[in-house]
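One file, protein-v1.txt, carrying compact mmCIF, C-alpha atoms:
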```txt
# COMPACT_ATOMS: atom_id res chain seq x y z
CA MET L 14 -243.10 62.72 132.72
CA GLU L 15 -245.53 65.63 132.31
CA LEU L 16 -248.30 64.69 134.74
CA ARG L 17 -250.72 67.24 133.36
CA LYS L 18 -250.74 65.55 129.95
CA ARG L 19 -251.60 62.23 131.58
CA PHE L 20 -254.14 64.03 133.78
CA GLY L 21 -255.97 65.33 130.71
CA LEU L 22 -256.74 61.75 129.62
CA GLU L 23 -257.67 60.33 133.00
CA ALA L 24 -259.65 63.16 134.55
CA VAL L 25 -262.40 63.34 131.94
CA LYS L 26 -263.40 59.70 132.25
CA GLY L 27 -266.95 59.70 133.61
CA ARG L 28 -266.60 63.15 135.23
CA LEU L 29 -268.33 66.47 134.61
CA LEU L 30 -265.70 68.98 135.65
CA ASP L 31 -266.51 72.59 136.44
CA ALA L 32 -263.95 75.36 135.92
CA VAL L 33 -263.22 75.64 139.65
CA THR L 34 -262.43 71.95 139.96
CA VAL L 35 -260.19 71.96 136.88
CA ARG L 36 -258.31 74.91 138.38
CA ASP L 37 -257.94 73.14 141.75
CA TRP L 38 -256.70 69.94 140.12
CA VAL L 39 -254.22 71.79 137.91
CA VAL L 40 -252.81 73.56 140.98
CA THR L 41 -252.56 70.20 142.75
CA LEU L 42 -250.88 68.66 139.73
CA LYS L 43 -248.28 71.42 139.85
CA GLU L 44 -247.48 70.35 143.42
CA LEU L 45 -247.25 66.71 142.36
CA GLN L 46 -245.11 67.67 139.36
CA ARG L 47 -242.83 69.65 141.66
CA LEU L 48 -242.43 66.62 143.89
CA TYR L 49 -241.91 64.30 140.92
CA ASP L 50 -239.19 66.54 139.46
CA ASP L 51 -237.46 66.90 142.85
CA LEU L 52 -237.46 63.13 143.31
CA VAL L 53 -236.03 62.48 139.86
CA GLN L 54 -233.34 65.11 140.37
CA SER L 55 -232.42 63.80 143.83
CA ALA L 56 -233.01 60.08 143.22
CA ASP L 57 -229.45 59.12 144.13
CA ALA L 58 -229.35 61.30 147.25
CA CYS L 59 -232.73 59.89 148.32
CA ARG L 60 -231.54 56.30 147.70
CA LEU L 61 -234.69 55.54 145.72
CA ASP L 62 -233.21 52.91 143.41
CA ARG L 63 -233.83 49.56 145.09
CA TYR L 64 -230.87 47.98 143.26
CA ALA L 65 -228.38 50.69 144.16
CA ALA L 66 -229.52 51.05 147.78
CA SER L 67 -227.62 49.59 150.72
CA ASP L 68 -228.05 45.86 151.15
CA LYS L 69 -228.28 46.24 154.89
CA ALA L 70 -231.73 45.12 155.92
CA GLY L 71 -233.90 44.19 158.86
CA ARG L 72 -232.18 44.03 162.20
CA SER L 73 -228.71 44.33 160.71
CA ARG L 74 -229.72 47.73 159.37
CA TRP L 75 -231.26 48.63 162.72
CA LEU L 76 -228.01 47.76 164.52
CA TRP L 77 -226.07 49.84 162.00
CA THR L 78 -228.32 52.85 162.54
CA ARG L 79 -227.64 52.70 166.28
CA PHE L 80 -224.16 54.03 165.57
CA ARG L 81 -225.21 56.91 163.35
CA PRO L 82 -224.65 60.27 165.05
CA GLN L 83 -227.98 61.77 163.96
CA TYR L 84 -231.03 61.34 161.78
CA SER L 85 -230.59 61.62 158.02
CA TYR L 86 -233.57 63.50 156.61
CA SER L 87 -234.42 63.33 152.93
CA PRO L 88 -233.43 66.37 150.85
CA VAL L 89 -236.96 66.24 149.34
CA LYS L 90 -240.07 67.18 151.27
CA GLY L 91 -243.22 65.09 150.87
CA LEU L 92 -246.77 66.19 150.17
CA TYR L 93 -249.94 66.08 152.28
CA LEU L 94 -253.13 66.49 150.19
CA PHE L 95 -256.38 67.16 152.00
CA GLY L 96 -259.89 68.17 151.02
CA GLY L 97 -263.53 67.14 151.04
CA VAL L 98 -264.84 63.71 150.10
CA GLY L 99 -264.99 62.75 146.43
CA THR L 100 -262.73 65.57 145.22
CA GLY L 101 -260.17 63.39 143.45
CA LYS L 102 -257.36 63.14 146.01
CA THR L 103 -256.86 59.40 145.64
CA MET L 104 -257.09 59.55 141.85
CA LEU L 105 -254.41 62.24 141.69
CA MET L 106 -252.09 60.42 144.10
CA ASP L 107 -252.51 57.17 142.14
CA LEU L 108 -251.79 59.03 138.91
CA PHE L 109 -248.57 60.33 140.48
CA PHE L 110 -247.60 56.93 141.88
CA ASP L 111 -248.19 55.11 138.58
CA GLN L 112 -245.68 57.37 136.79
CA LEU L 113 -242.83 56.65 139.21
CA PRO L 114 -239.97 54.42 137.95
CA SER L 115 -240.54 50.75 138.68
CA ASN L 116 -237.09 50.29 140.22
CA TRP L 117 -237.74 52.82 143.00
CA ARG L 118 -238.33 51.77 146.58
CA LYS L 119 -241.93 52.92 146.75
CA LYS L 120 -245.18 51.74 148.29
CA ARG L 121 -248.80 52.83 147.95
CA ILE L 122 -251.09 51.58 150.73
CA HIS L 123 -254.28 52.53 152.55
CA PHE L 124 -253.61 54.05 155.98
CA HIS L 125 -255.74 51.38 157.72
CA ASP L 126 -253.69 48.63 156.09
CA PHE L 127 -250.42 50.43 156.86
CA MET L 128 -251.20 50.64 160.58
CA LEU L 129 -252.27 46.99 160.70
CA ASN L 130 -248.92 46.11 159.18
CA VAL L 131 -247.12 48.26 161.77
CA HIS L 132 -248.92 46.57 164.69
CA SER L 133 -248.20 43.14 163.22
CA ARG L 134 -244.48 43.98 162.99
CA LEU L 135 -244.50 45.29 166.56
CA GLN L 136 -245.84 41.93 167.71
CA ARG L 137 -242.92 40.17 166.01
CA HIS L 138 -240.38 42.40 167.76
CA LYS L 139 -241.65 42.14 171.32
CA GLY L 140 -238.82 42.32 173.81
CA VAL L 141 -236.64 44.67 171.75
CA ALA L 142 -235.68 47.86 173.58
CA ASP L 143 -237.34 50.10 170.96
CA PRO L 144 -239.48 47.97 168.61
CA LEU L 145 -240.77 51.08 166.80
CA GLU L 146 -237.21 51.85 165.71
CA VAL L 147 -236.84 48.32 164.36
CA VAL L 148 -240.17 48.53 162.52
CA ALA L 149 -239.29 51.93 161.07
CA GLY L 150 -235.98 50.49 159.87
CA GLU L 151 -237.73 47.60 158.14
CA ILE L 152 -240.29 49.87 156.46
CA SER L 153 -237.66 52.34 155.24
CA ASP L 154 -235.54 49.49 153.88
CA GLU L 155 -238.51 48.40 151.77
CA SER L 156 -239.90 51.82 150.79
CA ILE L 157 -238.23 55.22 150.88
CA LEU L 158 -241.26 56.79 149.18
CA LEU L 159 -244.41 56.02 151.16
CA CYS L 160 -247.83 56.93 149.70
CA LEU L 161 -250.63 56.64 152.29
CA ASP L 162 -254.26 57.00 151.20
CA GLU L 163 -257.01 58.19 153.57
CA PHE L 164 -254.81 59.32 156.47
CA MET L 165 -257.29 59.31 159.35
CA VAL L 166 -256.50 58.79 163.03
CA THR L 167 -259.36 57.58 165.26
CA ASP L 168 -257.66 54.89 167.33
CA VAL L 169 -255.83 55.94 170.49
CA ALA L 170 -253.29 53.11 170.04
CA ASP L 171 -252.38 54.49 166.59
CA ALA L 172 -252.30 58.07 167.85
CA LEU L 173 -249.86 57.29 170.63
CA ILE L 174 -247.24 55.65 168.38
CA LEU L 175 -247.44 57.81 165.26
CA ASN L 176 -245.10 60.54 166.50
CA ARG L 177 -242.28 58.16 167.43
CA LEU L 178 -242.85 55.95 164.38
CA PHE L 179 -242.65 58.82 161.89
CA ARG L 180 -239.80 60.47 163.73
CA HIS L 181 -237.84 57.30 163.00
CA LEU L 182 -239.18 57.02 159.43
CA PHE L 183 -238.34 60.61 158.54
CA GLY L 184 -234.97 60.15 160.23
CA ASN L 185 -234.40 57.20 157.89
CA SER L 186 -234.98 59.54 154.89
CA VAL L 187 -238.54 58.35 154.19
CA ILE L 188 -240.60 60.71 152.01
CA LEU L 189 -244.33 60.78 152.73
CA VAL L 190 -247.16 61.46 150.28
CA ALA L 191 -250.57 61.29 151.92
CA THR L 192 -254.22 62.05 151.22
CA SER L 193 -256.76 62.91 153.90
CA ASN L 194 -260.15 64.51 154.46
CA ARG L 195 -258.67 66.45 157.35
CA ALA L 196 -256.14 69.27 157.55
CA PRO L 197 -253.09 68.30 159.64
CA ASP L 198 -254.16 70.51 162.56
CA ASN L 199 -257.53 68.71 162.68
CA LEU L 200 -256.19 65.16 162.81
CA TYR L 201 -257.36 63.19 165.84
CA GLU L 202 -259.41 66.19 166.94
CA GLY L 203 -261.06 65.55 170.31
CA GLY L 204 -259.23 62.23 170.72
CA LEU L 205 -258.05 60.75 174.00
CA GLN L 206 -254.64 62.05 175.17
CA ARG L 207 -254.42 64.25 172.05
CA ALA L 208 -251.66 66.32 173.67
CA LEU L 209 -249.33 63.35 173.10
CA PHE L 210 -250.32 63.37 169.41
CA LEU L 211 -249.66 67.06 168.74
CA PRO L 212 -245.87 66.67 168.20
CA PHE L 213 -246.65 64.40 165.27
CA ILE L 214 -248.66 67.18 163.60
CA ALA L 215 -245.68 69.52 163.93
CA THR L 216 -243.35 66.86 162.46
CA LEU L 217 -245.78 66.17 159.61
CA LYS L 218 -245.97 69.87 158.66
CA GLU L 219 -242.20 70.14 158.85
CA ARG L 220 -241.50 67.19 156.52
CA CYS L 221 -244.41 67.66 154.06
CA MET L 222 -245.79 70.45 151.95
CA VAL L 223 -249.47 70.81 152.83
CA HIS L 224 -251.93 71.40 149.99
CA GLU L 225 -255.72 71.67 150.09
CA ILE L 226 -257.94 70.62 147.19
CA ASP L 227 -260.60 73.25 147.69
CA SER L 228 -263.69 71.87 145.98
CA SER L 229 -267.17 71.62 147.44
CA VAL L 230 -268.37 69.16 144.77
CA ASP L 231 -268.45 65.44 145.52
CA TYR L 232 -267.92 63.84 142.12
CA ARG L 233 -268.71 60.35 143.38
CA LYS L 234 -272.32 61.48 143.69
CA MET L 235 -272.38 62.52 140.02
CA THR L 236 -272.00 58.94 138.80
CA SER L 237 -274.93 57.19 137.14
CA ALA L 238 -277.36 55.64 139.60
CA GLU L 239 -277.87 51.89 139.36
CA GLN L 240 -280.81 50.09 140.94
CA GLY L 241 -280.61 46.54 142.19
CA PHE L 242 -277.79 46.42 144.77
CA TYR L 243 -278.90 48.73 147.62
CA PHE L 244 -282.39 47.79 148.84
CA VAL L 245 -284.31 49.97 151.29
CA GLY L 246 -287.09 48.50 153.38
CA GLU L 247 -288.02 46.03 156.09
CA GLU L 248 -288.37 42.26 155.90
CA LEU L 249 -286.14 41.93 152.83
CA SER L 250 -284.04 39.04 154.11
CA GLY L 251 -285.53 36.52 151.70
CA PHE L 252 -285.20 38.94 148.81
CA LEU L 253 -281.51 39.59 149.51
CA LYS L 254 -280.77 35.87 149.77
CA GLN L 255 -282.48 35.37 146.42
CA LYS L 256 -280.25 38.05 144.87
CA PHE L 257 -277.24 36.47 146.58
CA GLU L 258 -278.06 33.06 145.10
CA GLN L 259 -278.19 34.62 141.64
CA LEU L 260 -274.55 35.64 142.10
CA MET L 261 -273.65 32.06 143.04
CA GLY L 262 -274.39 30.66 139.59
CA ASP L 263 -273.81 26.91 139.75
CA HIS L 264 -271.93 27.13 143.06
CA SER L 265 -273.40 26.15 146.41
CA ALA L 266 -272.93 28.53 149.35
CA HIS L 267 -271.77 27.11 152.68
CA PRO L 268 -270.14 28.35 155.92
CA GLN L 269 -266.45 29.20 155.53
CA GLU L 270 -263.54 30.38 157.62
CA VAL L 271 -261.15 33.20 156.71
CA GLU L 272 -257.70 33.76 158.20
CA VAL L 273 -257.14 37.37 159.24
CA VAL L 274 -254.08 38.38 161.30
CA MET L 275 -251.95 36.88 164.07
CA GLY L 276 -253.65 33.50 163.92
CA ARG L 277 -257.18 34.84 164.18
CA THR L 278 -260.01 33.63 161.95
CA LEU L 279 -263.35 35.06 160.86
CA GLN L 280 -266.40 32.86 160.39
CA VAL L 281 -268.34 33.51 157.17
CA PRO L 282 -272.01 32.38 157.51
CA LEU L 283 -272.36 31.72 153.76
CA GLY L 284 -269.81 31.98 150.98
CA ALA L 285 -269.13 30.75 147.46
CA ASN L 286 -267.85 31.98 144.09
CA GLY L 287 -266.09 34.96 145.69
CA CYS L 288 -269.29 36.16 147.39
CA ALA L 289 -269.95 36.28 151.15
CA TYR L 290 -273.25 36.69 153.00
CA PHE L 291 -273.44 38.32 156.46
CA PRO L 292 -276.16 39.68 158.71
CA PHE L 293 -275.15 43.23 159.74
CA GLU L 294 -274.80 42.16 163.38
CA ASP L 295 -272.16 39.56 162.54
CA LEU L 296 -269.84 42.12 160.94
CA CYS L 297 -270.53 45.35 162.82
CA ASP L 298 -271.98 44.45 166.23
CA ARG L 299 -269.07 42.18 167.12
CA PRO L 300 -265.56 43.32 168.19
CA LEU L 301 -264.13 43.30 164.66
CA GLY L 302 -261.92 45.85 162.95
CA ALA L 303 -260.02 46.73 159.80
CA ALA L 304 -257.77 43.65 160.07
CA ASP L 305 -260.80 41.34 159.93
CA TYR L 306 -262.31 43.22 157.00
CA PHE L 307 -259.07 43.24 155.02
CA GLY L 308 -258.79 39.49 155.60
CA LEU L 309 -262.36 39.00 154.40
CA PHE L 310 -261.83 40.86 151.12
CA LYS L 311 -258.60 39.08 150.33
CA LYS L 312 -260.83 36.05 149.73
CA PHE L 313 -264.15 37.59 148.67
CA HIS L 314 -264.90 40.28 146.10
CA THR L 315 -268.62 40.71 146.89
CA LEU L 316 -270.49 41.18 150.17
CA ALA L 317 -274.21 40.67 150.68
CA LEU L 318 -274.99 42.52 153.92
CA GLU L 319 -278.40 42.10 155.52
CA GLY L 320 -280.10 44.71 157.69
CA VAL L 321 -278.01 47.91 157.86
CA PRO L 322 -279.77 49.99 160.55
CA ILE L 323 -280.23 53.72 161.02
CA PHE L 324 -277.35 54.88 163.21
CA GLY L 325 -277.59 56.90 166.40
CA LEU L 326 -276.38 57.06 169.97
CA HIS L 327 -277.55 53.52 170.75
CA ASN L 328 -275.37 51.92 168.05
CA ARG L 329 -272.52 54.40 167.64
CA THR L 330 -269.85 51.67 167.89
CA ALA L 331 -271.53 49.71 165.10
CA ALA L 332 -271.57 52.90 163.01
CA TYR L 333 -267.80 53.24 163.42
CA ARG L 334 -267.31 49.65 162.30
CA PHE L 335 -269.61 50.16 159.31
CA VAL L 336 -267.55 53.21 158.27
CA THR L 337 -264.37 51.10 158.48
CA LEU L 338 -266.03 48.24 156.56
CA ILE L 339 -266.99 50.54 153.68
CA ASP L 340 -263.48 52.08 153.67
CA VAL L 341 -261.92 48.62 153.31
CA MET L 342 -264.42 47.56 150.65
CA TYR L 343 -263.76 50.70 148.65
CA GLU L 344 -260.00 50.27 148.92
CA ASN L 345 -260.37 46.70 147.63
CA LYS L 346 -262.88 47.71 144.91
CA ALA L 347 -265.34 45.19 146.35
CA ARG L 348 -269.02 45.01 145.41
CA LEU L 349 -271.76 45.59 147.99
CA GLN L 350 -275.25 44.15 147.89
CA CYS L 351 -277.28 45.10 150.95
CA THR L 352 -280.61 45.77 152.59
CA ALA L 353 -280.95 48.85 154.77
CA GLU L 354 -283.53 50.70 156.82
CA ALA L 355 -282.94 53.92 154.87
CA THR L 356 -280.95 55.61 152.12
CA PRO L 357 -277.22 56.21 152.75
CA PHE L 358 -277.89 59.82 153.73
CA GLU L 359 -280.76 58.90 156.06
CA LEU L 360 -278.71 56.19 157.79
CA PHE L 361 -276.50 58.89 159.32
CA GLU L 362 -278.99 61.74 159.90
CA ARG L 363 -278.81 61.30 163.70
CA ILE L 364 -274.99 61.56 163.70
CA VAL L 365 -274.02 65.21 164.17
CA SER L 366 -270.97 67.23 165.17
CA VAL L 367 -270.81 69.46 168.24
CA SER L 368 -271.12 72.49 165.98
CA ASP L 369 -274.19 71.04 164.25
CA ALA L 370 -275.77 70.22 167.59
CA ASN L 371 -275.23 73.77 168.86
CA HIS L 372 -276.96 75.18 165.80
CA MET L 373 -279.96 72.86 165.95
CA ALA L 374 -283.29 74.43 166.90
CA PRO L 375 -284.20 73.97 170.58
CA ARG L 376 -286.57 71.08 171.21
CA THR L 377 -290.04 71.76 172.54
CA SER L 378 -291.23 69.63 175.43
CA SER L 379 -293.32 67.50 173.07
CA ARG L 380 -290.60 67.09 170.46
CA SER L 381 -287.94 66.20 173.01
CA LYS L 382 -289.76 62.97 173.75
CA LYS L 383 -289.34 61.62 170.27
CA ASN L 384 -287.10 58.58 169.96
CA ASP L 385 -284.92 60.15 167.27
CA ASP L 386 -284.20 63.13 169.55
CA PHE L 387 -283.15 60.85 172.38
CA ASP L 388 -280.99 58.86 169.93
CA LEU L 389 -279.09 61.88 168.58
CA CYS L 390 -275.36 61.08 168.55
CA VAL L 391 -273.00 64.04 168.96
CA ASP L 392 -269.61 62.79 167.77
CA ASN L 393 -267.21 65.00 165.80
CA GLU L 394 -265.11 62.19 164.34
CA LEU L 395 -268.07 60.07 163.24
CA ALA L 396 -269.90 63.13 161.89
CA PHE L 397 -266.83 63.92 159.81
CA ALA L 398 -266.42 60.33 158.56
CA LYS L 399 -270.08 59.89 157.62
CA ASP L 400 -269.76 62.17 154.58
CA ARG L 401 -267.06 59.91 153.16
CA THR L 402 -269.16 56.81 153.80
CA ILE L 403 -272.29 58.29 152.19
CA SER L 404 -270.20 59.34 149.20
CA ARG L 405 -268.63 55.90 148.83
CA LEU L 406 -271.93 54.05 149.21
CA THR L 407 -273.32 56.23 146.43
CA GLU L 408 -270.39 55.52 144.12
CA MET L 409 -270.34 51.81 144.92
CA ASN L 410 -273.94 51.60 143.69
CA SER L 411 -273.16 53.45 140.45
CA ARG L 412 -273.04 51.91 136.99
CA GLU L 413 -269.42 53.03 136.53
CA TYR L 414 -268.22 51.36 139.73
CA LEU L 415 -270.07 48.12 139.04
CA GLU L 416 -268.82 47.98 135.45
CA GLN L 417 -265.25 48.46 136.70
CA HIS L 418 -265.80 45.68 139.25
CA ALA L 419 -267.08 43.33 136.52
CA ALA L 420 -264.15 44.19 134.25
CA THR L 421 -261.70 43.45 137.07
CA LEU L 422 -263.28 40.03 137.68
CA THR L 423 -263.17 39.22 133.95
CA ALA L 424 -259.48 40.17 133.71
CA ARG L 425 -258.72 38.14 136.83
CA SER L 426 -260.46 35.02 135.49
CA LYS L 427 -258.60 35.27 132.15
CA SER L 428 -255.24 35.48 133.91
CA GLN L 429 -255.86 32.31 135.92
```
Write the structure described by the file as C-alpha cells, please.
Amino acid sequence: MELRKRFGLEAVKGRLLDAVTVRDWVVTLKELQRLYDDLVQSADACRLDRYAASDKAGRSRWLWTRFRPQYSYSPVKGLYLFGGVGTGKTMLMDLFFDQLPSNWRKKRIHFHDFMLNVHSRLQRHKGVADPLEVVAGEISDESILLCLDEFMVTDVADALILNRLFRHLFGNSVILVATSNRAPDNLYEGGLQRALFLPFIATLKERCMVHEIDSSVDYRKMTSAEQGFYFVGEELSGFLKQKFEQLMGDHSAHPQEVEVVMGRTLQVPLGANGCAYFPFEDLCDRPLGAADYFGLFKKFHTLALEGVPIFGLHNRTAAYRFVTLIDVMYENKARLQCTAEATPFELFERIVSVSDANHMAPRTSSRSKKNDDFDLCVDNELAFAKDRTISRLTEMNSREYLEQHAATLTARSKSQ
C-alpha cells in the first residue's frame, strides 16, 4: 500500500495546508511507509499473523518464556512521532494503522486506556513473583504491533513500571508505534523519582526511530467556529439545563449509575438518551481519574458540564482532572456542552511553566496584591498539557467535529 496516495485523499479534508506542513507530513509518511514495508517484508519473522502465531497464551506462554535463554527482540524497529498539538500525529498514525492487514496481531489504543488496562491486569495477577512479566506476556500474545496515541507520563505509578513493562514487551518482540507531544528526553520531566524512569527513555530510543513533526500551526484551531455548545458567563445553570433538555427529546433524565473498573461505580446526577449532566465539581473536584471517565463515555456520548472555572494554584488538581477528562472525551469522539467562566484560552492563563514564570515582568508592590498574581500556578507538566486541552476544546466546538459526531450517532442508530 502506498500511504502517500491515501494521504492525498485524507489530508485535504477540512484542512488548509501550508507548504511547510505538507513537507513535514510527507517526510513523516516516508517514515511510516518505511515501517510498513519493513513489517510486510518481515511479517513471518515478527509473528504478526494471528493465525500462524504460536497458540501458547496467557500463563502457559509466560511459563514457556521462563525457559528462554534471552529476550527475542523484533527485527523491525518501531516509530515514535512527536510534535506540537494539532499537527496531525494521530491522523497519520490512524492512517497507517488502517492500512495494516486485518489478520495481524495489532492494537491501536490511547495511552491512558492502555495503562488502565495494565493496572487492571496487575490486579488479577497479585501474588505472582513478577506480575509485570505475566502482563507483558498477555499483551504480546494479543498484539505484536502496539500503536499508542498520546504517550504522556504524569503519574508516578505509571512512571515506575514503564521501564520493566516495556523491557518485557520489547523482549517479547513487540513493536511500538507511538504519538506524543513530548520528545522522549522530555517525558515525565520534573516528575517524582524521575531517575528511575530514565532507563525507559533509553530503551524507547533504542527500540524506536524517533521522528518530530515540526509544525507550529495548530490545525484544530482552523476549523469552523460553531456557537451554541460552549457558553461563557456566570449564572448560566438554568440555561445549560434548558439546552440539555433539548438534547433529551422525548426522554426523561434521571440519576444513573455507571460501572467503571474493578467493581467501582460512578454516580451520574442526570442522564438519558446518551447524554449526561454533571456540575464541574462532581467530575473534577472529586478523586476521579481516566478509568472513571472512560467508563462514563462507554455509556454516554454527550456531556453537559456546568461551571468550568478559571484554573490556578488553588485548583491545580481539578485542572489536571479536567485535562484528562477532555483527553478521554476527544478519544471517544464525545460531544461537550458546557458553561465556563472564560474562553478555553483564558481558563488556563494562570497556568505557566517555570521558564514562562522566569520571563514574566517583575510585580510591583501594588500589582503583587492582585488575586490572579497570588493564584499563579507554576507547573511544567500542566503548562505543557494546557495547549493540547485548549486545542481540543476549540476543535470539539467546531462545525466539523459536531457534524462528525452527529454522523456517528446516525450510523450507530441504523446499525441497531
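Using all atoms listed in the file, the shortest contact distance between Thr337 of chain L and any of L:Thr167, L:Thr421, L:Asn410, L:Asn199 is found at L:Thr167.
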Calculated over only C-alpha atoms, which of the candidates L:Glu294, L:Glu44, L:Asp369, L:Asp305 has the smallest distance to Val341 of chain L?
L:Asp305
Using all atoms listed in the file, determine which residues lie at most 12 Å from Leu145 of chain L, disregarding the query and same-chain residues fewer than 2 positions distant; provide the list as JSON, numbers by chain.
{"L": [75, 131, 132, 133, 134, 135, 136, 137, 138, 139, 140, 141, 142, 143, 147, 148, 149, 150, 151, 152, 173, 174, 175, 176, 177, 178, 179, 180, 181, 182]}
Got a sec: who's within 9 Å of Gly204 of chain L, counting all atoms listed in the file, leaving out chain neighbours fewer than 6 positions off, as JSON, numbers by chain?
{"L": [166, 167, 168, 169, 172, 394]}
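Shortest separation to Gly251 of chain L among L:Asp57, L:Glu270, L:Glu319, L:Glu202 occurs at residue L:Glu319, atoms counted being all atoms listed in the file.
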Within 6 Å of file point (-252.5, 64.8, 166.8), counting all atoms listed in the file, expressed as a VMD selection string:
chain L and resid 200 to 201 207 210 to 211 214
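Non-sequential neighbours of Leu326 of chain L (distance at most 9 Å, separation of 6 or more positions within a chain, only C-alpha atoms) are Arg363, Ile364, Phe387, Asp388, Leu389, Cys390 and Val391 of chain L.
Across the model, the gap from atom CA of Phe361 of chain L to atom CA of Gly320 of chain L is 14.7 Å.
Minimum distance to Tyr333 of chain L across L:Thr402, L:Ser368, L:Thr352, L:Gln206 (counting all atoms listed in the file) occurs at L:Thr402.
The space between atom CA of Ala215 of chain L and atom CA of Ser153 of chain L spans 20.9 Å.
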